[in-house]
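Visitor: File run-v7.pdb below, PDB, C-alpha atoms and all ligand atoms:
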```
MODEL        1
ATOM      1  CA  MET A 227     -15.662  -7.823   6.499
ATOM      2  CA  ILE A 228     -12.334  -7.467   4.719
ATOM      3  CA  LYS A 229      -9.910 -10.269   5.599
ATOM      4  CA  LYS A 230      -7.351 -10.111   2.794
ATOM      5  CA  CYS A 231      -4.753  -7.440   2.216
ATOM      6  CA  LEU A 232      -2.743  -7.283  -0.999
ATOM      7  CA  PHE A 233       0.788  -5.872  -0.947
ATOM      8  CA  PRO A 234       2.144  -5.085  -4.416
ATOM      9  CA  ALA A 235       5.876  -5.373  -3.805
ATOM     10  CA  ALA A 236       7.386  -6.286  -7.142
ATOM     11  CA  GLY A 237       8.603  -2.846  -8.257
ATOM     12  CA  TYR A 238      12.307  -2.229  -8.811
ATOM     13  CA  GLY A 239      12.612   0.630  -6.295
ATOM     14  CA  THR A 240      15.034   2.448  -8.583
ATOM     15  CA  ARG A 241      14.928   5.660  -6.537
ATOM     16  CA  PHE A 242      16.734   3.783  -3.792
ATOM     17  CA  LEU A 243      19.578   2.321  -5.815
ATOM     18  CA  PRO A 244      22.117   1.053  -4.969
ATOM     19  CA  ALA A 245      20.382  -0.055  -1.708
ATOM     20  CA  THR A 246      17.647  -1.839  -3.666
ATOM     21  CA  LYS A 247      19.991  -3.769  -5.937
ATOM     22  CA  ALA A 248      19.796  -6.830  -3.681
ATOM     23  CA  ILE A 249      17.404  -5.689  -0.922
ATOM     24  CA  PRO A 250      13.714  -5.192  -1.748
ATOM     25  CA  LYS A 251      12.575  -1.603  -1.184
ATOM     26  CA  GLU A 252       9.789  -2.963   1.023
ATOM     27  CA  MET A 253      12.430  -4.509   3.320
ATOM     28  CA  LEU A 254      14.309  -1.251   3.978
ATOM     29  CA  PRO A 255      14.002  -0.591   7.712
ATOM     30  CA  VAL A 256      12.662   2.492   9.420
ATOM     31  CA  LEU A 257      14.631   2.080  12.646
ATOM     32  CA  THR A 258      14.737  -1.711  13.065
ATOM     33  CA  LYS A 259      11.507  -2.697  11.313
ATOM     34  CA  PRO A 260      11.118  -3.238   7.561
ATOM     35  CA  LEU A 261       8.516  -1.091   5.798
ATOM     36  CA  LEU A 262       6.491  -4.170   4.915
ATOM     37  CA  GLN A 263       6.212  -5.210   8.544
ATOM     38  CA  TYR A 264       4.648  -1.816   9.375
ATOM     39  CA  GLY A 265       2.201  -2.482   6.543
ATOM     40  CA  VAL A 266       1.283  -5.942   7.855
ATOM     41  CA  GLU A 267       0.787  -4.439  11.316
ATOM     42  CA  GLU A 268      -1.663  -1.933   9.841
ATOM     43  CA  ALA A 269      -3.525  -4.665   7.936
ATOM     44  CA  ILE A 270      -3.891  -6.698  11.138
ATOM     45  CA  SER A 271      -5.162  -3.621  12.986
ATOM     46  CA  ALA A 272      -7.914  -3.386  10.354
ATOM     47  CA  GLY A 273      -8.991  -7.009  10.919
ATOM     48  CA  CYS A 274      -7.119  -8.702   8.048
ATOM     49  CA  ASP A 275      -5.589 -12.127   8.639
ATOM     50  CA  THR A 276      -4.464 -13.029   5.125
ATOM     51  CA  MET A 277      -1.526 -11.196   3.583
ATOM     52  CA  ALA A 278      -1.277 -11.626  -0.173
ATOM     53  CA  ILE A 279       2.073 -10.398  -1.422
ATOM     54  CA  VAL A 280       2.987  -9.772  -5.058
ATOM     55  CA  THR A 281       6.733 -10.283  -5.332
ATOM     56  CA  SER A 282       9.289 -10.938  -8.047
ATOM     57  CA  LYS A 283      12.367 -13.081  -8.487
ATOM     58  CA  TYR A 284      14.451 -10.365  -6.793
ATOM     59  CA  LYS A 285      12.387 -10.275  -3.607
ATOM     60  CA  LYS A 286      13.097 -13.550  -1.822
ATOM     61  CA  ALA A 287      14.011 -11.713   1.395
ATOM     62  CA  ILE A 288      10.320 -10.872   1.876
ATOM     63  CA  GLU A 289       9.308 -14.534   2.160
ATOM     64  CA  ASP A 290      12.214 -15.239   4.498
ATOM     65  CA  HIS A 291      11.230 -12.366   6.769
ATOM     66  CA  PHE A 292       7.743 -13.783   7.354
ATOM     67  CA  ASP A 293       9.059 -17.217   8.258
ATOM     68  CA  THR A 294      10.980 -18.627  11.186
ATOM     69  CA  ASN A 295      14.771 -18.347  11.425
ATOM     70  CA  THR A 296      15.691 -21.108  13.833
ATOM     71  CA  ASP A 297      19.419 -20.291  13.912
ATOM     72  CA  ILE A 298      18.852 -16.710  15.056
ATOM     73  CA  GLU A 299      16.093 -17.788  17.447
ATOM     74  CA  LYS A 300      18.413 -20.347  19.027
ATOM     75  CA  SER A 301      21.203 -17.806  19.350
ATOM     76  CA  ILE A 302      19.059 -15.230  21.224
ATOM     77  CA  SER A 303      16.941 -17.702  23.180
ATOM     78  CA  GLY A 304      16.798 -16.816  26.878
ATOM     79  CA  SER A 305      18.473 -13.421  26.280
ATOM     80  CA  SER A 306      17.016  -9.932  26.427
ATOM     81  CA  LYS A 307      16.985  -9.885  22.614
ATOM     82  CA  GLU A 308      14.267 -12.532  22.383
ATOM     83  CA  ILE A 309      11.635  -9.819  22.519
ATOM     84  CA  LEU A 310      12.920  -8.278  19.274
ATOM     85  CA  LEU A 311      11.326 -11.087  17.265
ATOM     86  CA  THR A 312       8.095 -11.336  19.263
ATOM     87  CA  GLU A 313       6.036  -9.112  16.990
ATOM     88  CA  VAL A 314       7.009 -10.684  13.678
ATOM     89  CA  ASN A 315       6.720 -14.200  15.122
ATOM     90  CA  SER A 316       3.216 -13.415  16.319
ATOM     91  CA  MET A 317       2.337 -12.247  12.781
ATOM     92  CA  ILE A 318       3.621 -15.527  11.377
ATOM     93  CA  GLU A 319       1.590 -17.467  13.921
ATOM     94  CA  HIS A 320      -1.693 -15.611  13.502
ATOM     95  CA  CYS A 321      -1.762 -14.734   9.790
ATOM     96  CA  THR A 322      -1.487 -16.524   6.484
ATOM     97  CA  PHE A 323       1.150 -15.220   4.109
ATOM     98  CA  SER A 324       0.788 -16.140   0.463
ATOM     99  CA  TYR A 325       2.827 -15.038  -2.521
ATOM    100  CA  THR A 326       2.637 -14.767  -6.244
ATOM    101  CA  ARG A 327       5.210 -13.390  -8.641
ATOM    102  CA  GLN A 328       4.801 -10.602 -11.133
ATOM    103  CA  VAL A 329       7.029 -11.651 -13.996
ATOM    104  CA  GLU A 330       7.084  -8.367 -15.923
ATOM    105  CA  MET A 331       6.815  -5.093 -14.011
ATOM    106  CA  LYS A 332       3.994  -3.576 -16.025
ATOM    107  CA  GLY A 333       2.752  -1.193 -13.340
ATOM    108  CA  LEU A 334       0.654  -1.087 -10.193
ATOM    109  CA  GLY A 335      -2.612  -2.012 -11.961
ATOM    110  CA  HIS A 336      -0.911  -5.057 -13.453
ATOM    111  CA  ALA A 337       0.584  -5.998 -10.059
ATOM    112  CA  ILE A 338      -2.883  -5.880  -8.506
ATOM    113  CA  LEU A 339      -4.266  -8.067 -11.297
ATOM    114  CA  THR A 340      -1.402 -10.514 -10.673
ATOM    115  CA  GLY A 341      -2.726 -10.812  -7.112
ATOM    116  CA  GLN A 342      -6.184 -11.965  -8.264
ATOM    117  CA  THR A 343      -5.179 -15.595  -7.813
ATOM    118  CA  LEU A 344      -4.555 -14.918  -4.082
ATOM    119  CA  ILE A 345      -7.657 -12.759  -3.529
ATOM    120  CA  GLY A 346     -10.448 -14.532  -5.398
ATOM    121  CA  ASN A 347     -13.897 -12.982  -5.572
ATOM    122  CA  GLU A 348     -14.135 -10.768  -2.496
ATOM    123  CA  PRO A 349     -13.454  -7.145  -1.546
ATOM    124  CA  PHE A 350      -9.873  -6.624  -0.385
ATOM    125  CA  ALA A 351      -7.471  -4.021   0.935
ATOM    126  CA  VAL A 352      -4.296  -2.848  -0.782
ATOM    127  CA  ILE A 353      -1.302  -1.404   1.046
ATOM    128  CA  LEU A 354       1.729   0.063  -0.706
ATOM    129  CA  ALA A 355       4.280  -0.485   2.021
ATOM    130  CA  ASP A 356       6.461   2.406   0.880
ATOM    131  CA  ASP A 357       3.686   4.769   1.976
ATOM    132  CA  LEU A 358       4.161   4.481   5.723
ATOM    133  CA  CYS A 359       1.213   5.681   7.809
ATOM    134  CA  ASP A 360       0.949   6.397  11.508
ATOM    135  CA  ASN A 361      -1.951   7.248  13.754
ATOM    136  CA  ILE A 362      -2.696   8.015  17.316
ATOM    137  CA  ASP A 363      -5.727   5.728  17.561
ATOM    138  CA  VAL A 364      -7.332   4.182  14.489
ATOM    139  CA  SER A 365      -5.048   3.129  11.601
ATOM    140  CA  VAL A 366      -5.695   4.500   8.115
ATOM    141  CA  LEU A 367      -6.719   1.073   6.792
ATOM    142  CA  SER A 368      -9.052   0.576   9.748
ATOM    143  CA  GLN A 369     -10.723   3.912   8.999
ATOM    144  CA  MET A 370     -11.181   2.731   5.413
ATOM    145  CA  THR A 371     -12.585  -0.709   6.258
ATOM    146  CA  SER A 372     -15.168   0.990   8.498
ATOM    147  CA  LEU A 373     -16.155   3.209   5.575
ATOM    148  CA  HIS A 374     -16.381   0.134   3.336
ATOM    149  CA  GLU A 375     -19.027  -1.302   5.666
ATOM    150  CA  LYS A 376     -21.177   1.750   4.851
ATOM    151  CA  TYR A 377     -20.443   1.648   1.103
ATOM    152  CA  PRO A 378     -19.842  -2.056   0.299
ATOM    153  CA  ASP A 379     -20.267  -1.605  -3.481
ATOM    154  CA  CYS A 380     -17.632   1.097  -3.818
ATOM    155  CA  CYS A 381     -13.886   1.093  -4.179
ATOM    156  CA  ILE A 382     -12.206   3.519  -1.783
ATOM    157  CA  VAL A 383      -8.926   5.385  -2.268
ATOM    158  CA  ALA A 384      -7.140   7.238   0.515
ATOM    159  CA  ILE A 385      -6.282  10.837  -0.352
ATOM    160  CA  GLU A 386      -4.386  13.746   1.105
ATOM    161  CA  GLU A 387      -3.860  17.378   0.173
ATOM    162  CA  ILE A 388      -0.486  17.951  -1.433
ATOM    163  CA  PRO A 389       1.352  21.096  -2.615
ATOM    164  CA  GLU A 390       0.211  21.892  -6.170
ATOM    165  CA  LYS A 391       3.748  21.604  -7.544
ATOM    166  CA  ASP A 392       3.787  17.890  -6.576
ATOM    167  CA  THR A 393       0.745  16.695  -8.547
ATOM    168  CA  ASN A 394       3.010  15.011 -11.117
ATOM    169  CA  LYS A 395       4.082  12.455  -8.502
ATOM    170  CA  TYR A 396       0.583  11.119  -7.705
ATOM    171  CA  GLY A 397      -2.786  10.035  -8.991
ATOM    172  CA  VAL A 398      -5.005  13.094  -8.475
ATOM    173  CA  ILE A 399      -8.801  13.088  -8.052
ATOM    174  CA  SER A 400     -11.699  15.452  -8.086
ATOM    175  CA  GLY A 401     -15.162  14.664  -6.857
ATOM    176  CA  GLU A 402     -18.369  15.689  -5.242
ATOM    177  CA  LYS A 403     -18.186  16.184  -1.498
ATOM    178  CA  ILE A 404     -20.354  13.767   0.513
ATOM    179  CA  THR A 405     -18.978  14.848   3.902
ATOM    180  CA  ASP A 406     -15.923  16.893   4.918
ATOM    181  CA  ASN A 407     -13.637  13.909   4.329
ATOM    182  CA  ILE A 408     -15.502  11.729   1.799
ATOM    183  CA  PHE A 409     -15.820  12.479  -1.931
ATOM    184  CA  ARG A 410     -17.561  10.609  -4.730
ATOM    185  CA  VAL A 411     -14.869  10.605  -7.398
ATOM    186  CA  ASN A 412     -15.742  11.909 -10.867
ATOM    187  CA  ASP A 413     -12.264  12.429 -12.256
ATOM    188  CA  MET A 414      -8.852  10.921 -11.645
ATOM    189  CA  VAL A 415      -5.626  11.537 -13.530
ATOM    190  CA  GLU A 416      -2.277   9.776 -13.102
ATOM    191  CA  LYS A 417       0.636  12.138 -12.394
ATOM    192  CA  PRO A 418      -0.759  15.309 -14.057
ATOM    193  CA  GLU A 419       1.352  18.434 -14.425
ATOM    194  CA  PRO A 420       0.092  21.073 -11.955
ATOM    195  CA  LYS A 421      -1.681  23.010 -14.750
ATOM    196  CA  ASP A 422      -3.644  19.878 -15.785
ATOM    197  CA  ALA A 423      -4.440  18.574 -12.285
ATOM    198  CA  PRO A 424      -8.144  18.415 -11.380
ATOM    199  CA  SER A 425      -7.304  19.333  -7.734
ATOM    200  CA  ASN A 426      -4.526  18.947  -5.171
ATOM    201  CA  LEU A 427      -6.082  15.805  -3.672
ATOM    202  CA  ALA A 428      -3.589  12.988  -4.205
ATOM    203  CA  ILE A 429      -4.130   9.252  -3.902
ATOM    204  CA  ILE A 430      -1.788   7.588  -1.432
ATOM    205  CA  GLY A 431      -1.001   3.892  -1.053
ATOM    206  CA  ARG A 432      -4.138   2.617   0.642
ATOM    207  CA  TYR A 433      -7.111   1.203  -1.261
ATOM    208  CA  ILE A 434     -10.204  -0.888  -0.658
ATOM    209  CA  LEU A 435     -11.137  -2.597  -3.912
ATOM    210  CA  THR A 436     -14.111  -4.666  -4.968
ATOM    211  CA  PRO A 437     -13.325  -7.786  -7.042
ATOM    212  CA  GLU A 438     -14.976  -6.085 -10.023
ATOM    213  CA  ILE A 439     -11.680  -4.237 -10.450
ATOM    214  CA  PHE A 440      -9.931  -7.328 -11.836
ATOM    215  CA  GLU A 441     -12.097  -7.508 -14.965
ATOM    216  CA  VAL A 442     -11.690  -3.762 -15.452
ATOM    217  CA  ILE A 443      -7.883  -3.956 -15.208
ATOM    218  CA  LYS A 444      -7.878  -6.705 -17.844
ATOM    219  CA  THR A 445      -9.355  -4.240 -20.342
ATOM    220  CA  THR A 446      -7.294  -1.218 -19.212
ATOM    221  CA  LYS A 447      -4.680  -0.125 -21.731
ATOM    222  CA  PRO A 448      -1.203   0.982 -20.645
ATOM    223  CA  GLY A 449      -1.287   4.653 -19.603
ATOM    224  CA  LYS A 450       1.268   7.060 -18.144
ATOM    225  CA  GLY A 451       4.813   5.683 -18.492
ATOM    226  CA  GLY A 452       3.515   2.751 -20.588
ATOM    227  CA  GLU A 453       2.324   1.049 -17.361
ATOM    228  CA  ILE A 454      -1.096  -0.378 -16.544
ATOM    229  CA  GLN A 455      -2.287   2.172 -14.021
ATOM    230  CA  ILE A 456      -4.757   1.384 -11.234
ATOM    231  CA  THR A 457      -5.916   5.014 -11.530
ATOM    232  CA  ASP A 458      -7.090   4.400 -15.119
ATOM    233  CA  ALA A 459      -8.942   1.223 -14.091
ATOM    234  CA  LEU A 460     -10.594   3.006 -11.174
ATOM    235  CA  MET A 461     -11.669   5.824 -13.498
ATOM    236  CA  THR A 462     -13.836   3.305 -15.368
ATOM    237  CA  LEU A 463     -15.636   2.479 -12.108
ATOM    238  CA  ALA A 464     -15.736   6.160 -11.085
ATOM    239  CA  LYS A 465     -17.828   6.867 -14.197
ATOM    240  CA  GLU A 466     -20.459   4.571 -12.645
ATOM    241  CA  GLY A 467     -20.216   6.431  -9.297
ATOM    242  CA  LYS A 468     -18.459   3.475  -7.670
ATOM    243  CA  VAL A 469     -15.295   5.126  -6.337
ATOM    244  CA  LEU A 470     -14.993   7.094  -3.112
ATOM    245  CA  ALA A 471     -12.003   9.109  -1.972
ATOM    246  CA  TYR A 472     -11.362   9.332   1.750
ATOM    247  CA  LYS A 473      -9.294  12.058   3.383
ATOM    248  CA  PHE A 474      -7.774  10.030   6.187
ATOM    249  CA  ASP A 475      -6.818  11.009   9.690
ATOM    250  CA  GLY A 476      -3.130  10.528  10.394
ATOM    251  CA  LYS A 477       0.361  11.031   9.043
ATOM    252  CA  ARG A 478       1.813   9.570   5.850
ATOM    253  CA  PHE A 479       5.453   9.343   4.811
ATOM    254  CA  ASP A 480       6.530   8.724   1.231
ATOM    255  CA  CYS A 481       9.255   6.198   2.005
ATOM    256  CA  GLY A 482       9.713   5.547  -1.721
ATOM    257  CA  SER A 483      11.650   8.840  -1.760
ATOM    258  CA  VAL A 484      14.824   9.566   0.186
ATOM    259  CA  ASP A 485      13.363  12.726   1.786
ATOM    260  CA  GLY A 486      10.234  10.907   2.978
ATOM    261  CA  PHE A 487      12.286   8.011   4.277
ATOM    262  CA  VAL A 488      14.518  10.304   6.351
ATOM    263  CA  GLU A 489      11.452  12.171   7.642
ATOM    264  CA  ALA A 490       9.817   8.873   8.700
ATOM    265  CA  THR A 491      12.999   7.704  10.407
ATOM    266  CA  ASN A 492      13.286  10.926  12.425
ATOM    267  CA  TYR A 493       9.583  10.842  13.287
ATOM    268  CA  PHE A 494       9.618   7.248  14.578
ATOM    269  CA  TYR A 495      12.921   7.786  16.377
ATOM    270  CA  ASN A 496      11.575  10.832  18.206
ATOM    271  CA  LYS A 497       8.295   9.055  18.927
ATOM    272  CA  GLY A 498      10.304   6.409  20.804
TER
HETATM  273  P1  LIG A 501       6.399   2.704  -7.224
HETATM  274  O1  LIG A 501       6.393   3.270  -8.578
HETATM  275  O2  LIG A 501       6.409   3.611  -6.048
HETATM  276  O3  LIG A 501       7.576   1.671  -6.985
HETATM  277  O4  LIG A 501       5.177   1.709  -7.118
HETATM  278  P2  LIG A 501       8.854   1.337  -7.816
HETATM  279  O5  LIG A 501       8.570   1.274  -9.273
HETATM  280  O6  LIG A 501       9.377   0.106  -7.168
HETATM  281  O7  LIG A 501       9.796   2.572  -7.414
HETATM  282  P3  LIG A 501      10.822   3.472  -8.228
HETATM  283  O8  LIG A 501      10.016   4.593  -8.800
HETATM  284  O9  LIG A 501      11.503   2.611  -9.268
HETATM  285  O10 LIG A 501      11.775   3.942  -7.173
HETATM  286  C1  LIG A 501       4.308   1.651  -6.015
HETATM  287  C2  LIG A 501       4.182   0.233  -5.483
HETATM  288  O11 LIG A 501       3.756  -0.659  -6.513
HETATM  289  C3  LIG A 501       4.630  -1.768  -6.613
HETATM  290  C4  LIG A 501       5.946  -1.310  -6.007
HETATM  291  O12 LIG A 501       6.654  -2.428  -5.476
HETATM  292  C5  LIG A 501       5.487  -0.333  -4.921
HETATM  293  O13 LIG A 501       5.166  -1.014  -3.731
HETATM  294  N1  LIG A 501       4.747  -2.147  -8.038
HETATM  295  C6  LIG A 501       4.958  -1.186  -8.982
HETATM  296  C7  LIG A 501       4.646  -3.465  -8.397
HETATM  297  O14 LIG A 501       4.444  -4.355  -7.526
HETATM  298  N2  LIG A 501       4.761  -3.801  -9.712
HETATM  299  C8  LIG A 501       4.974  -2.875 -10.675
HETATM  300  O15 LIG A 501       5.051  -3.251 -11.874
HETATM  301  C9  LIG A 501       5.079  -1.530 -10.300
ENDMDL
END
```
Could you write out this structure as structure tokens?

Guide:
Amino acid sequence: MIKKCLFPAAGYGTRFLPATKAIPKEMLPVLTKPLLQYGVEEAISAGCDTMAIVTSKYKKAIEDHFDTNTDIEKSISGSSKEILLTEVNSMIEHCTFSYTRQVEMKGLGHAILTGQTLIGNEPFAVILADDLCDNIDVSVLSQMTSLHEKYPDCCIVAIEEIPEKDTNKYGVISGEKITDNIFRVNDMVEKPEPKDAPSNLAIIGRYILTPEIFEVIKTTKPGKGGEIQITDALMTLAKEGKVLAYKFDGKRFDCGSVDGFVEATNYFYNKG
């Protein structure tokens, strides 16, 4: 059973400047809730109780958010606003939050390796909080942890179909179909131009990884953009048949982009 969820949250969030100059991208709110809090909610729904967060020196607000704020609590105590902190306070009470800092932003693969010290030697989930997911019943991560129980030796990446013109924004896979929504991956390419893309199946920010990945990342050379890419590390395991891609049920918003962020805000506002 997967208990730990890793949140790589050290990136600069340059697409959201100037907002992200002093505020971490992961703390930008959709309505009144920061993106990272939605992510923690999803991790809890999948049975995780340990949140391992990779931060940086610019991201102190994240640690403060998952801690008590006695001044605010005192000021709203006994008022109708008390309820606004119930959810995050319950997270603080029931989960462990631990942090480590990525000192140089060398890419997502490197951020995940930085988290090894918090994860240890067990399978774990990864949530990129800027990919905000919503579901009617079972959360995307929950769907993936159930699949992991069937395939405990495999890493799993969540995928969705994207317009062909957008392949250069994602890791793109191809694979052999096991069922309508599960593929055994045999190729993955980071941000290919549409003409070089192996398919239009893009990896989104949800992963289940086996601890084997850490050793693989250590030997993975910088790839696209000079960064250590998780896609390249996973490709090494895919060659051994150890990576599955899962077409999830639900909606995903790319809140790392302004368009996706606005779309998510409208969606959650209308959902009420
Ligand atoms: P992104 O590439 O979407 O985030 O990385 P970014 O680099 O912060 O955004 P832009 O492109 O400059 O606007 C996906 C996730 O990986 C984390 C980011 O924080 C984000 O959650 N990440 C990325 C790290 O933790 N470390 C890195 O070195 C790179």

Visitor: Here is a test: counting only C-alpha atoms, which residue of A:Asp392, A:Asp475, A:Glu267, A:Glu252 is nearest to Lys285 (chain A)?

Guide: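 Selected residue with least distance to Lys285 (chain A): A:Glu252.
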
Visitor: Taking only residues of chain A that have an atom at most 8 Å from an atom of ligand LIG 501 (chain A), what is each one's shortest atom pair and its distance in Å to one decimal, using only C-alpha atoms and all ligand atoms, in chain and number order, as a tab-separated table?

Guide:
```
residue	atom	partner	partner_atom	distance
A:Phe233	CA	A:LIG501	O13	7.1
A:Pro234	CA	A:LIG501	O14	3.9
A:Ala235	CA	A:LIG501	O12	3.5
A:Ala236	CA	A:LIG501	O14	3.5
A:Gly237	CA	A:LIG501	O6	3.2
A:Tyr238	CA	A:LIG501	O6	4.1
A:Gly239	CA	A:LIG501	O6	3.4
A:Thr240	CA	A:LIG501	O9	3.6
A:Arg241	CA	A:LIG501	O10	3.6
A:Phe242	CA	A:LIG501	O10	6.0
A:Lys251	CA	A:LIG501	O6	7.0
A:Glu252	CA	A:LIG501	O13	6.9
A:Val280	CA	A:LIG501	O14	6.1
A:Thr281	CA	A:LIG501	O14	6.7
A:Gln328	CA	A:LIG501	N2	6.9
A:Glu330	CA	A:LIG501	O15	6.8
A:Met331	CA	A:LIG501	O15	3.3
A:Lys332	CA	A:LIG501	O15	4.3
A:Gly333	CA	A:LIG501	O15	3.4
A:Leu334	CA	A:LIG501	C9	4.4
A:Gly335	CA	A:LIG501	C8	7.7
A:His336	CA	A:LIG501	O15	6.4
A:Ala337	CA	A:LIG501	N2	4.7
A:Ile338	CA	A:LIG501	O14	7.5
A:Leu354	CA	A:LIG501	O13	4.7
A:Ala355	CA	A:LIG501	O13	5.8
A:Asp356	CA	A:LIG501	O13	5.9
A:Gly431	CA	A:LIG501	C1	7.6
A:Glu453	CA	A:LIG501	O15	7.5
A:Gly482	CA	A:LIG501	O2	5.8
A:Ser483	CA	A:LIG501	O10	7.3
```

Visitor: Dump C-alpha atoms for the selected residues as a compact mmCIF listing (two decimals), keeping the file's coordinate frame?

Guide:
```txt
# COMPACT_ATOMS: atom_id res chain seq x y z
CA PHE A 233 0.79 -5.87 -0.95
CA PRO A 234 2.14 -5.08 -4.42
CA ALA A 235 5.88 -5.37 -3.80
CA ALA A 236 7.39 -6.29 -7.14
CA GLY A 237 8.60 -2.85 -8.26
CA TYR A 238 12.31 -2.23 -8.81
CA GLY A 239 12.61 0.63 -6.30
CA THR A 240 15.03 2.45 -8.58
CA ARG A 241 14.93 5.66 -6.54
CA PHE A 242 16.73 3.78 -3.79
CA LYS A 251 12.58 -1.60 -1.18
CA GLU A 252 9.79 -2.96 1.02
CA VAL A 280 2.99 -9.77 -5.06
CA THR A 281 6.73 -10.28 -5.33
CA GLN A 328 4.80 -10.60 -11.13
CA GLU A 330 7.08 -8.37 -15.92
CA MET A 331 6.82 -5.09 -14.01
CA LYS A 332 3.99 -3.58 -16.02
CA GLY A 333 2.75 -1.19 -13.34
CA LEU A 334 0.65 -1.09 -10.19
CA GLY A 335 -2.61 -2.01 -11.96
CA HIS A 336 -0.91 -5.06 -13.45
CA ALA A 337 0.58 -6.00 -10.06
CA ILE A 338 -2.88 -5.88 -8.51
CA LEU A 354 1.73 0.06 -0.71
CA ALA A 355 4.28 -0.48 2.02
CA ASP A 356 6.46 2.41 0.88
CA GLY A 431 -1.00 3.89 -1.05
CA GLU A 453 2.32 1.05 -17.36
CA GLY A 482 9.71 5.55 -1.72
CA SER A 483 11.65 8.84 -1.76
```

Visitor: Interatomic distance between CA of Ser316 (chain A) and CA of Gly273 (chain A)?

Guide: 14.8 Å

Visitor: Please list as an mmCIF file with C-alpha atoms, in the coordinates of the input every residue within 8 Å of Val415 (chain A), counting all atoms listed in the file and excluding residues in the same chain fewer than 3 positions away.

Guide:
```cif
data_model
loop_
_atom_site.group_PDB
_atom_site.id
_atom_site.type_symbol
_atom_site.label_atom_id
_atom_site.label_comp_id
_atom_site.auth_asym_id
_atom_site.auth_seq_id
_atom_site.Cartn_x
_atom_site.Cartn_y
_atom_site.Cartn_z
ATOM 1 C CA GLY A 397 -2.786 10.035 -8.991
ATOM 2 C CA VAL A 398 -5.005 13.094 -8.475
ATOM 3 C CA ILE A 399 -8.801 13.088 -8.052
ATOM 4 C CA PRO A 418 -0.759 15.309 -14.057
ATOM 5 C CA ALA A 423 -4.440 18.574 -12.285
ATOM 6 C CA PRO A 424 -8.144 18.415 -11.380
ATOM 7 C CA THR A 457 -5.916 5.014 -11.530
ATOM 8 C CA ASP A 458 -7.090 4.400 -15.119
#
```

Visitor: Applied to this file, what does the PyMOL selection byres (((chain A and resi 357-373) around 7) and not hetatm) return in terms of residues, put as a list in words?

Guide: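 Applying the expression gives Ile228, Glu268, Ala269, Ser271, Ala272, Leu354, Ala355, Asp356, His374, Glu375, Lys376, Tyr377, Gly431, Arg432, Phe474, Asp475, Gly476, Lys477, Arg478, Phe479, Asp480 and Cys481 of chain A.
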
Visitor: Take the residues from that selection and write them out as a PDB file, in the coordinates of the input, keeping C-alpha atoms.

Guide:
```pdb
ATOM      1  CA  ILE A 228     -12.334  -7.467   4.719  1.00  0.00           C
ATOM      2  CA  GLU A 268      -1.663  -1.933   9.841  1.00  0.00           C
ATOM      3  CA  ALA A 269      -3.525  -4.665   7.936  1.00  0.00           C
ATOM      4  CA  SER A 271      -5.162  -3.621  12.986  1.00  0.00           C
ATOM      5  CA  ALA A 272      -7.914  -3.386  10.354  1.00  0.00           C
ATOM      6  CA  LEU A 354       1.729   0.063  -0.706  1.00  0.00           C
ATOM      7  CA  ALA A 355       4.280  -0.485   2.021  1.00  0.00           C
ATOM      8  CA  ASP A 356       6.461   2.406   0.880  1.00  0.00           C
ATOM      9  CA  HIS A 374     -16.381   0.134   3.336  1.00  0.00           C
ATOM     10  CA  GLU A 375     -19.027  -1.302   5.666  1.00  0.00           C
ATOM     11  CA  LYS A 376     -21.177   1.750   4.851  1.00  0.00           C
ATOM     12  CA  TYR A 377     -20.443   1.648   1.103  1.00  0.00           C
ATOM     13  CA  GLY A 431      -1.001   3.892  -1.053  1.00  0.00           C
ATOM     14  CA  ARG A 432      -4.138   2.617   0.642  1.00  0.00           C
ATOM     15  CA  PHE A 474      -7.774  10.030   6.187  1.00  0.00           C
ATOM     16  CA  ASP A 475      -6.818  11.009   9.690  1.00  0.00           C
ATOM     17  CA  GLY A 476      -3.130  10.528  10.394  1.00  0.00           C
ATOM     18  CA  LYS A 477       0.361  11.031   9.043  1.00  0.00           C
ATOM     19  CA  ARG A 478       1.813   9.570   5.850  1.00  0.00           C
ATOM     20  CA  PHE A 479       5.453   9.343   4.811  1.00  0.00           C
ATOM     21  CA  ASP A 480       6.530   8.724   1.231  1.00  0.00           C
ATOM     22  CA  CYS A 481       9.255   6.198   2.005  1.00  0.00           C
TER      23      CYS A 481
END
```

Visitor: For the structure shown, which residues end up in the PyMOL selection byres (((chain A and resi 441-451) around 8) and not hetatm)? Put them as a PyMOL selection string, please?

Guide: chain A and resi 335-336+339+416-417+438-440+452-456+458-459+462

Visitor: Export, as an mmCIF file, in the coordinates of the input, the selected residues with C-alpha atoms.

Guide:
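Saved the output as again.cif:
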```
data_model
loop_
_atom_site.group_PDB
_atom_site.id
_atom_site.type_symbol
_atom_site.label_atom_id
_atom_site.label_comp_id
_atom_site.auth_asym_id
_atom_site.auth_seq_id
_atom_site.Cartn_x
_atom_site.Cartn_y
_atom_site.Cartn_z
ATOM 1 C CA GLY A 335 -2.612 -2.012 -11.961
ATOM 2 C CA HIS A 336 -0.911 -5.057 -13.453
ATOM 3 C CA LEU A 339 -4.266 -8.067 -11.297
ATOM 4 C CA GLU A 416 -2.277 9.776 -13.102
ATOM 5 C CA LYS A 417 0.636 12.138 -12.394
ATOM 6 C CA GLU A 438 -14.976 -6.085 -10.023
ATOM 7 C CA ILE A 439 -11.680 -4.237 -10.450
ATOM 8 C CA PHE A 440 -9.931 -7.328 -11.836
ATOM 9 C CA GLY A 452 3.515 2.751 -20.588
ATOM 10 C CA GLU A 453 2.324 1.049 -17.361
ATOM 11 C CA ILE A 454 -1.096 -0.378 -16.544
ATOM 12 C CA GLN A 455 -2.287 2.172 -14.021
ATOM 13 C CA ILE A 456 -4.757 1.384 -11.234
ATOM 14 C CA ASP A 458 -7.090 4.400 -15.119
ATOM 15 C CA ALA A 459 -8.942 1.223 -14.091
ATOM 16 C CA THR A 462 -13.836 3.305 -15.368
#
```
